[in-house]
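What follows is a short report on a single structure.
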Amino acid sequence: MATIGFYGAGNMGQAMLAGLLEAKLYAQDAIFVYDAYKPSLEKIKRNFGVKTLTDSDELIQKSDIIIFAVKPNVLLEVLPQVAKVIKNEQLVVSIAAGITIDTLVDCLGETQKILRVMPNTPALVGEAMSAVAANAVVTSEEIAQVLAIFRSFGKAEVVPEKMMDCVTGLSGSGPAFVYLFIEALADGAVFEGMSREMAYEFAAQTVLGAAKMVIETKEHPGVLKDQVTSPDGTTITGVKVLETEGLRAAIMVAVSAATKKSRQLGN
């Protein structure tokens, strides 16, 4: 069985570990974790029972697939240090926002198998949306391997790398936009007299249910909206206010702004 190594044990790394183990894709003794912060390693060992390492070179030597689950600035610092240990046949997976495959190639060489992945924070509850891009030396079988890893805690699709900044603006930043919307829905209910706790439950479940309707029915969101919107009813009254106040345009601009910021970070 292939081995997998996590360079970094933060929230995203732990979410991935949980998904892999729950899906039984890798046995505990086939998973290695390195982190510079030793208390994090102790927590990982206690919670997941995988092998923890205090030497980053040892992690790389033991792993067929290496997932760098660290922040962009950290990744750019550590890659030159470990490049000499990484072999061409190993898969290098980066989840660092804004760091392009070309940048990774500059650090590791053109013959290195490199995949760039953008997951999002709902990975923590097994509902991530991840985008995967790879350089030309990665085979379709190897891409399938990585897709299986990220599908163990949500959904994952292959995208052209030029779409990665858009993915960052949409699914990477999108959860924060949705949280704002849930909070606003709840605030409206609180204004009308509902308790805060009940308002959050109703608002969050409403968003969850609406999202599942889009995914499971495959209907256009506009069609589903029309099914709820009766003539001269409560919903169309609310929709008119949202359109007048510019909700749709504001969300579009927010996604575009986050996308542009991702491009700036990459540059």
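How things are named: the first chain in the structure tokens is A, the next is B, and so on; residues count from 1 in each chain; ligands count from 1 in the order shown.
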
Which residues come within 9 Å of region 108-124 of chain A, counting only C-alpha atoms, excluding same-chain residues fewer than 3 positions away, as a count of residues only? 58

Residues within 9 Å of region 247-255 of chain A, please, as a list in words. Count only C-alpha atoms; anything in the same chain fewer than 4 positions from it doesn't count.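 Contacts, in chain order: Cys166, Thr168, Gly169, Leu170, Ser173, Gly174, Phe177, Val241, Leu242, Glu243, Thr259 and Lys260 of chain A.
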
Surrounding residues of Gly222 (chain A) excluding itself and chain neighbours under 6 positions, 12 Å, only C-alpha atoms, as a ChimeraX atom specification: /A:210,213-214,228-229,239

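Distance annotation: of A:Ala9, A:Ile65, A:Val82, A:Ala199, the residue with the minimal separation from Glu42 (chain A) is A:Ala9; atom set is only C-alpha atoms.
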
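What separates CA of Asp55 (chain A) from CA of Lys43 (chain A) is a distance of 17.0 Å.
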
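Using only C-alpha atoms, the smallest distance between any of A:Gly5, A:Gly266, A:Gly233, A:Gly188 and Lys62 (chain A) comes from A:Gly5.
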